[in-house]
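Asker: Sharing input36.txt (compact mmCIF, C-alpha atoms) below.
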```
# COMPACT_ATOMS: atom_id res chain seq x y z
CA LYS A 528 235.25 60.64 62.68
CA SER A 529 236.88 64.01 62.14
CA ARG A 530 239.54 65.62 64.29
CA VAL A 531 240.68 69.21 64.61
CA LEU A 532 244.44 69.70 64.73
CA THR A 533 245.74 72.67 66.69
CA LEU A 534 249.19 74.01 65.81
CA PRO A 535 251.15 76.63 67.75
CA MET A 536 251.93 80.01 66.21
CA TRP A 537 255.55 80.41 67.23
CA LYS A 538 257.72 83.39 66.51
CA ASP A 539 260.29 82.69 63.79
CA MET A 540 258.38 79.61 62.62
CA THR A 541 260.35 78.08 59.77
CA PRO A 542 258.83 75.92 56.99
CA GLU A 543 260.74 72.90 58.36
CA ILE A 544 259.39 73.36 61.87
CA GLU A 545 255.86 73.88 60.53
CA ASP A 546 256.04 70.72 58.43
CA MET A 547 257.42 68.82 61.40
CA LEU A 548 254.49 69.94 63.57
CA VAL A 549 251.92 69.12 60.90
CA GLY A 550 253.44 65.68 60.33
CA HIS A 551 253.48 65.01 64.06
CA GLU A 552 249.85 65.97 64.66
CA VAL A 553 248.60 64.16 61.56
CA GLY A 554 250.43 61.09 62.87
CA HIS A 555 248.45 61.30 66.11
CA ALA A 556 245.21 61.78 64.16
CA LEU A 557 245.88 58.69 62.07
CA TYR A 558 247.42 56.28 64.55
CA THR A 559 246.65 57.27 68.17
CA LEU A 560 243.52 55.40 69.15
CA ASP A 561 241.09 56.00 72.00
CA LYS A 562 242.48 53.09 74.04
CA TYR A 563 245.65 55.15 74.42
CA ILE A 564 243.82 56.92 77.27
CA ASP A 565 242.82 53.80 79.24
CA PRO A 566 246.11 53.12 81.12
CA ILE A 567 246.45 56.84 81.88
CA LYS A 568 243.05 56.81 83.56
CA GLU A 569 244.19 53.92 85.76
CA ASN A 570 247.58 55.47 86.51
CA PRO A 571 247.90 59.20 85.69
CA LYS A 572 251.66 59.01 86.32
CA LEU A 573 251.97 57.04 83.08
CA HIS A 574 250.85 60.04 81.03
CA GLY A 575 254.34 61.44 80.38
CA TYR A 576 255.70 57.99 79.51
CA MET A 577 252.80 57.20 77.20
CA ASN A 578 253.04 60.57 75.46
CA ILE A 579 256.77 60.27 74.67
CA LEU A 580 256.60 56.63 73.57
CA GLU A 581 253.50 57.22 71.44
CA ASP A 582 255.32 60.13 69.77
CA VAL A 583 258.11 57.73 68.80
CA ARG A 584 255.61 55.26 67.33
CA ILE A 585 253.39 57.66 65.38
CA GLU A 586 256.32 59.62 63.95
CA LYS A 587 257.86 56.39 62.67
CA LEU A 588 254.53 55.43 61.09
CA ILE A 589 253.88 58.83 59.50
CA LYS A 590 257.38 58.88 57.97
CA ARG A 591 256.78 55.40 56.66
CA THR A 592 253.49 56.51 55.08
CA TYR A 593 254.89 59.81 53.77
CA PRO A 594 258.64 59.30 53.21
CA GLY A 595 259.10 62.89 52.10
CA LEU A 596 258.38 64.01 55.69
CA ARG A 597 261.45 62.27 57.04
CA LYS A 598 263.96 64.94 56.01
CA ARG A 599 261.65 67.84 56.88
CA MET A 600 260.87 66.50 60.35
CA ASN A 601 264.51 65.77 61.10
CA GLU A 602 265.47 69.29 60.06
CA GLY A 603 262.59 70.80 62.06
CA TYR A 604 263.67 69.02 65.24
CA LYS A 605 267.28 70.01 64.62
CA GLN A 606 266.28 73.67 64.46
CA LEU A 607 264.32 73.35 67.71
CA ASN A 608 267.26 71.68 69.42
CA ASP A 609 269.61 74.41 68.19
CA ARG A 610 267.30 76.91 69.88
CA ASP A 611 267.42 74.85 73.09
CA PHE A 612 263.70 74.20 72.76
CA PHE A 613 264.03 71.21 75.11
CA GLY A 614 265.78 73.33 77.77
CA VAL A 615 268.79 71.09 78.32
CA GLU A 616 271.64 73.31 77.16
CA LYS A 617 272.88 73.90 80.72
CA THR A 618 271.75 70.54 82.08
CA PRO A 619 274.07 67.50 82.25
CA LEU A 620 272.30 64.99 80.02
CA GLU A 621 273.27 62.08 82.27
CA SER A 622 271.23 63.67 85.07
CA LEU A 623 268.00 63.46 83.06
CA LEU A 624 265.49 60.69 83.62
CA LEU A 625 265.65 57.83 81.14
CA ILE A 626 262.29 58.73 79.60
CA ASP A 627 263.49 62.30 78.97
CA ARG A 628 266.70 61.05 77.35
CA ILE A 629 264.62 58.75 75.14
CA ASN A 630 262.55 61.76 74.12
CA LEU A 631 265.69 63.73 73.23
CA TYR A 632 267.20 60.80 71.36
CA PHE A 633 264.24 60.30 69.04
CA LYS A 634 263.49 63.98 68.50
CA ALA A 635 266.89 65.70 68.51
CA GLY A 636 268.84 62.67 67.32
CA PHE A 637 271.91 60.91 68.68
CA GLN A 638 274.03 63.95 67.76
CA CYS A 639 272.54 65.79 70.76
CA GLY A 640 274.96 63.78 72.92
CA VAL A 641 272.53 61.69 74.97
CA LYS A 642 273.90 58.30 76.04
CA PHE A 643 272.51 55.07 77.48
CA ASN A 644 273.91 52.11 79.35
CA GLN A 645 273.08 48.55 78.25
CA ASP A 646 269.95 48.22 80.39
CA GLU A 647 268.67 51.57 79.14
CA ARG A 648 269.56 50.69 75.54
CA ASN A 649 267.16 47.74 75.74
CA PHE A 650 264.30 50.16 76.41
CA VAL A 651 265.43 52.42 73.56
CA ASN A 652 265.41 49.46 71.16
CA ARG A 653 261.95 48.45 72.30
CA ALA A 654 260.68 52.00 71.76
CA GLU A 655 262.11 51.97 68.25
CA ARG A 656 260.30 48.69 67.44
CA THR A 657 256.82 49.59 68.73
CA GLU A 658 254.12 49.14 66.10
CA THR A 659 250.90 48.92 68.13
CA ILE A 660 249.38 50.92 70.96
CA GLU A 661 249.45 47.76 73.10
CA GLU A 662 253.23 47.62 72.76
CA VAL A 663 253.45 51.27 73.77
CA ILE A 664 251.32 50.65 76.87
CA GLU A 665 253.41 47.65 77.91
CA LEU A 666 256.67 49.54 77.40
CA ALA A 667 255.38 52.58 79.30
CA GLU A 668 254.48 50.40 82.27
CA ASP A 669 257.88 48.67 82.20
CA LEU A 670 259.73 51.98 81.93
CA PHE A 671 257.72 53.44 84.77
CA ALA A 672 258.55 50.45 86.99
CA PHE A 673 262.23 50.72 86.02
CA ALA A 674 262.29 54.44 86.81
CA LYS A 675 260.59 53.82 90.14
CA GLU A 676 263.17 51.18 91.03
CA GLN A 677 266.04 53.49 90.04
CA ALA A 678 264.56 56.30 92.12
CA GLU A 679 264.29 54.02 95.16
CA GLN A 680 267.91 52.94 94.79
CA LYS A 681 269.05 56.57 94.60
CA LYS A 682 266.94 57.38 97.65
CA GLN A 683 268.56 54.57 99.63
CA GLN A 684 272.02 55.66 98.45
CA ARG A 685 271.38 59.24 99.56
CA ALA A 686 270.15 58.00 102.93
CA ALA A 687 273.26 55.84 103.31
CA ASN A 688 275.51 58.76 102.37
CA GLN A 689 273.68 61.03 104.81
CA SER A 690 273.98 58.44 107.56
CA LYS A 691 277.70 58.08 106.87
CA LYS A 692 278.10 61.85 106.86
CA SER A 693 276.21 62.18 110.15
CA LYS A 694 278.36 59.45 111.70
CA GLU A 695 281.52 61.21 110.56
CA GLU A 696 280.25 64.52 111.97
CA ILE A 697 279.47 62.86 115.30
CA GLU A 698 282.91 61.23 115.41
CA GLU A 699 284.53 64.55 114.55
CA GLU A 700 282.58 66.33 117.29
CA GLU A 701 283.53 63.62 119.78
CA ALA A 702 287.16 63.90 118.69
CA ASP A 703 287.05 67.67 119.16
CA ASP A 704 285.57 67.19 122.65
CA LEU A 705 288.31 64.73 123.53
CA VAL A 706 290.96 67.16 122.32
CA GLU A 707 289.43 69.95 124.42
CA ASP A 708 289.26 67.68 127.46
CA TYR A 709 292.87 66.67 126.90
CA ILE A 710 294.00 70.28 126.63
CA ASP A 711 291.98 71.32 129.68
CA ALA A 712 293.40 68.45 131.71
CA ASP A 713 296.91 69.26 130.53
CA ASP A 714 296.53 72.93 131.45
CA SER A 715 295.29 71.95 134.90
CA ASP A 716 298.30 69.73 135.47
CA ILE A 717 300.63 72.50 134.42
CA ASP A 718 299.04 74.92 136.86
CA ASP A 719 299.22 72.41 139.68
CA GLY A 720 302.83 71.77 138.85
CA ASP A 721 303.63 75.46 139.02
CA GLU A 722 302.01 75.71 142.39
CA GLU A 723 303.98 72.73 143.62
CA VAL A 724 307.18 74.26 142.30
CA GLU A 725 306.45 77.55 144.03
CA GLN A 726 305.55 75.80 147.25
CA SER A 727 308.65 73.69 147.10
CA THR A 728 310.73 76.80 146.56
CA GLU A 729 309.25 78.41 149.63
CA GLU A 730 309.90 75.32 151.64
CA ASP A 731 313.40 75.15 150.24
CA GLU A 732 314.01 78.63 151.57
CA GLU A 733 313.05 77.40 155.01
CA GLU A 734 314.92 74.14 154.91
CA THR A 735 317.10 72.60 152.25
CA PRO A 736 317.10 68.84 152.60
CA SER A 737 320.37 67.05 152.22
CA ILE A 738 320.91 64.68 149.28
CA PRO A 739 321.74 61.15 150.28
CA ASP A 740 325.34 60.32 149.60
CA ASP A 741 324.56 57.27 147.51
CA LEU A 742 322.36 59.30 145.11
CA ALA A 743 324.79 62.18 144.97
CA GLU A 744 327.60 59.85 144.01
CA SER A 745 325.57 57.92 141.43
CA GLY A 746 324.30 61.07 139.71
CA GLU A 747 320.74 59.73 139.38
CA ASP A 748 318.02 62.30 138.64
CA THR A 749 314.76 61.85 140.57
CA ALA A 750 312.89 64.71 138.86
CA ASP A 751 310.05 63.93 136.36
CA ASP A 752 310.94 65.48 133.03
CA GLY A 753 307.30 65.92 131.94
CA LYS A 754 304.34 63.92 130.64
CA THR A 755 304.39 61.58 127.68
CA ARG A 756 301.68 62.83 125.31
CA GLY A 757 299.67 60.32 123.32
CA ARG A 758 298.34 60.87 119.80
CA LEU A 759 294.62 61.13 119.25
CA TYR A 760 293.16 59.46 116.14
CA ALA A 761 289.63 59.93 114.84
CA GLU A 762 288.80 57.27 112.30
CA ARG A 763 287.00 58.50 109.20
```
Would you mind writing the file out in structure tokens?
Answerer:
Amino acid sequence: KSRVLTLPMWKDMTPEIEDMLVGHEVGHALYTLDKYIDPIKENPKLHGYMNILEDVRIEKLIKRTYPGLRKRMNEGYKQLNDRDFFGVEKTPLESLLLIDRINLYFKAGFQCGVKFNQDERNFVNRAERTETIEEVIELAEDLFAFAKEQAEQKKQQRAANQSKKSKEEIEEEEADDLVEDYIDADDSDIDDGDEEVEQSTEEDEEETPSIPDDLAESGEDTADDGKTRGRLYAER
């Protein structure tokens, strides 16, 4: 069975990049079998996972078959990465999905700066050890399930953060309302007090009551020196 390989005609194509592309496509022609498509038909979302993991497998096999390709392919990928072919120059690598970081790791190399935690490293090691298409399929399904679980956890965390934020906003609004009510009530009391003072002054002009002798001698002050103001706390 023959296969036709299609290569891109990129501007500034270097010999290293061309050899890398040829080696990659010949690897697919030699090692990617028809059953590669079966899990993708059942779950189209596996396509990206299968493609990246199969690239890892077939490139390992083609380098093993043609050792002279190893250096050329490594240099070709380095040149692409230097051109920001993967479009991650301005993207924090830790924000990328695990499958995308695996892709970068095996194509651009560890020097690109991509990192993994211990759980993620287990998937990287499995990708490095794949020899058969069955192993690729199994790993793709496991990685997809892992990514789905991680996405759900992040979704729940965002919802929790949003709920906390909304609660804080509500508490802040309620606190602001209480402050306004407090100020309004305080202003009302002050106005009433002024009226009482004015009224008392008018009455005083008409009749000045005498101070009982016992209070005058003791020097006690019966006037209220103002309200005691409480502090308002809004818990965060």
Asker: I need the residue nearest Ile626 of chain A from this list: A:Lys590, A:Glu661, A:Met600, A:Val583. Use all atoms listed in the file for the distance.
Answerer: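 Of the candidates, the smallest distance to Ile626 of chain A is held by A:Val583.
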Asker: So, with only C-alpha atoms as the atoms that count, which of A:His551, A:Lys675, A:Lys681, A:Lys538 lies closest to Arg599 of chain A?
Answerer: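 Distance minimum relative to Arg599 of chain A lands on A:His551.
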Asker: Near Pro566 of chain A, within 9 Å and counting only C-alpha atoms, which residues show up once chain neighbours fewer than 4 positions away are dropped, as a PyMOL selection string?
Answerer: chain A and resi 562+570-571+573-574+577+664+668
Asker: Find the distance between atom CA of Ala556 of chain A and atom CA of Val663 of chain A and write it in Å to one decimal.
Answerer: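 Those two atoms sit 16.5 Å apart.
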Asker: Quote the spacing between atom CA of His555 of chain A and atom CA of Asp582 of chain A in Å to one decimal place.
Answerer: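 Here the two named atoms are 7.9 Å from each other.
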Asker: Using all atoms listed in the file, find the one residue out of A:Tyr632, A:Thr559, A:Met536, A:Glu545 that sits nearest to Asn578 of chain A.
Answerer: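 For Asn578 of chain A, the nearest of the candidates is A:Thr559.
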Asker: Using only C-alpha atoms, can you tell me which of A:Thr541, A:Lys572, A:Pro594, A:Leu625 comes closest to Phe650 of chain A?
Answerer: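 Closest candidate: A:Leu625.
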Asker: Would you mind writing segment 538-549 of chain A with all heavy atoms, as an mmCIF file, in the coordinates of the input?
Answerer:
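Output file selection.cif follows:
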```cif
data_model
loop_
_atom_site.group_PDB
_atom_site.id
_atom_site.type_symbol
_atom_site.label_atom_id
_atom_site.label_comp_id
_atom_site.auth_asym_id
_atom_site.auth_seq_id
_atom_site.Cartn_x
_atom_site.Cartn_y
_atom_site.Cartn_z
ATOM 1 N N LYS A 538 256.921 82.358 67.160
ATOM 2 C CA LYS A 538 257.720 83.390 66.510
ATOM 3 C C LYS A 538 258.873 82.719 65.774
ATOM 4 O O LYS A 538 259.441 81.747 66.257
ATOM 5 C CB LYS A 538 258.259 84.369 67.573
ATOM 6 C CG LYS A 538 259.024 85.545 66.993
ATOM 7 C CD LYS A 538 259.512 86.453 68.114
ATOM 8 C CE LYS A 538 260.301 87.628 67.536
ATOM 9 N NZ LYS A 538 260.799 88.526 68.618
ATOM 10 N N ASP A 539 259.203 83.247 64.613
ATOM 11 C CA ASP A 539 260.290 82.690 63.790
ATOM 12 C C ASP A 539 259.998 81.239 63.407
ATOM 13 O O ASP A 539 260.907 80.397 63.380
ATOM 14 C CB ASP A 539 261.638 82.768 64.523
ATOM 15 C CG ASP A 539 262.024 84.197 64.869
ATOM 16 O OD1 ASP A 539 261.668 85.098 64.093
ATOM 17 O OD2 ASP A 539 262.681 84.403 65.912
ATOM 18 N N MET A 540 258.752 80.947 63.085
ATOM 19 C CA MET A 540 258.380 79.610 62.620
ATOM 20 C C MET A 540 258.944 79.393 61.214
ATOM 21 O O MET A 540 258.644 80.140 60.295
ATOM 22 C CB MET A 540 256.863 79.454 62.598
ATOM 23 C CG MET A 540 256.381 78.120 62.052
ATOM 24 S SD MET A 540 256.332 76.842 63.301
ATOM 25 C CE MET A 540 254.807 77.263 64.146
ATOM 26 N N THR A 541 259.772 78.380 61.075
ATOM 27 C CA THR A 541 260.350 78.080 59.770
ATOM 28 C C THR A 541 259.483 77.054 59.043
ATOM 29 O O THR A 541 258.692 76.340 59.679
ATOM 30 C CB THR A 541 261.777 77.521 59.910
ATOM 31 O OG1 THR A 541 261.706 76.248 60.548
ATOM 32 C CG2 THR A 541 262.655 78.464 60.727
ATOM 33 N N PRO A 542 259.605 76.933 57.717
ATOM 34 C CA PRO A 542 258.830 75.920 56.990
ATOM 35 C C PRO A 542 259.125 74.504 57.495
ATOM 36 O O PRO A 542 258.210 73.661 57.543
ATOM 37 C CB PRO A 542 259.301 76.097 55.535
ATOM 38 C CG PRO A 542 259.751 77.519 55.452
ATOM 39 C CD PRO A 542 260.355 77.812 56.797
ATOM 40 N N GLU A 543 260.381 74.232 57.869
ATOM 41 C CA GLU A 543 260.740 72.900 58.360
ATOM 42 C C GLU A 543 260.062 72.593 59.686
ATOM 43 O O GLU A 543 259.555 71.478 59.894
ATOM 44 C CB GLU A 543 262.255 72.777 58.504
ATOM 45 C CG GLU A 543 263.045 72.811 57.203
ATOM 46 C CD GLU A 543 263.251 74.229 56.687
ATOM 47 O OE1 GLU A 543 262.947 75.189 57.427
ATOM 48 O OE2 GLU A 543 263.736 74.371 55.551
ATOM 49 N N ILE A 544 260.036 73.575 60.570
ATOM 50 C CA ILE A 544 259.390 73.360 61.870
ATOM 51 C C ILE A 544 257.881 73.208 61.677
ATOM 52 O O ILE A 544 257.239 72.356 62.322
ATOM 53 C CB ILE A 544 259.697 74.530 62.823
ATOM 54 C CG1 ILE A 544 261.188 74.514 63.200
ATOM 55 C CG2 ILE A 544 258.841 74.447 64.080
ATOM 56 C CD1 ILE A 544 261.621 75.671 64.096
ATOM 57 N N GLU A 545 257.298 73.988 60.785
ATOM 58 C CA GLU A 545 255.860 73.880 60.530
ATOM 59 C C GLU A 545 255.506 72.511 59.954
ATOM 60 O O GLU A 545 254.537 71.866 60.388
ATOM 61 C CB GLU A 545 255.407 74.983 59.577
ATOM 62 C CG GLU A 545 253.900 74.998 59.360
ATOM 63 C CD GLU A 545 253.447 76.168 58.509
ATOM 64 O OE1 GLU A 545 254.309 76.899 57.985
ATOM 65 O OE2 GLU A 545 252.214 76.346 58.371
ATOM 66 N N ASP A 546 256.292 72.043 59.000
ATOM 67 C CA ASP A 546 256.040 70.720 58.430
ATOM 68 C C ASP A 546 256.217 69.620 59.467
ATOM 69 O O ASP A 546 255.481 68.619 59.469
ATOM 70 C CB ASP A 546 256.988 70.469 57.251
ATOM 71 C CG ASP A 546 256.604 71.275 56.014
ATOM 72 O OD1 ASP A 546 255.492 71.848 56.001
ATOM 73 O OD2 ASP A 546 257.418 71.335 55.069
ATOM 74 N N MET A 547 257.192 69.805 60.332
ATOM 75 C CA MET A 547 257.420 68.820 61.400
ATOM 76 C C MET A 547 256.204 68.753 62.315
ATOM 77 O O MET A 547 255.737 67.650 62.667
ATOM 78 C CB MET A 547 258.662 69.200 62.197
ATOM 79 C CG MET A 547 258.990 68.264 63.356
ATOM 80 S SD MET A 547 258.206 68.793 64.902
ATOM 81 C CE MET A 547 259.051 70.331 65.215
ATOM 82 N N LEU A 548 255.653 69.904 62.689
ATOM 83 C CA LEU A 548 254.490 69.940 63.570
ATOM 84 C C LEU A 548 253.258 69.342 62.897
ATOM 85 O O LEU A 548 252.495 68.583 63.520
ATOM 86 C CB LEU A 548 254.208 71.383 64.002
ATOM 87 C CG LEU A 548 255.240 72.028 64.940
ATOM 88 C CD1 LEU A 548 254.950 73.511 65.120
ATOM 89 C CD2 LEU A 548 255.248 71.328 66.294
ATOM 90 N N VAL A 549 253.060 69.675 61.631
ATOM 91 C CA VAL A 549 251.920 69.120 60.900
ATOM 92 C C VAL A 549 252.037 67.607 60.799
ATOM 93 O O VAL A 549 251.070 66.867 61.056
ATOM 94 C CB VAL A 549 251.818 69.754 59.489
ATOM 95 C CG1 VAL A 549 250.768 69.019 58.649
ATOM 96 C CG2 VAL A 549 251.465 71.229 59.588
#
```
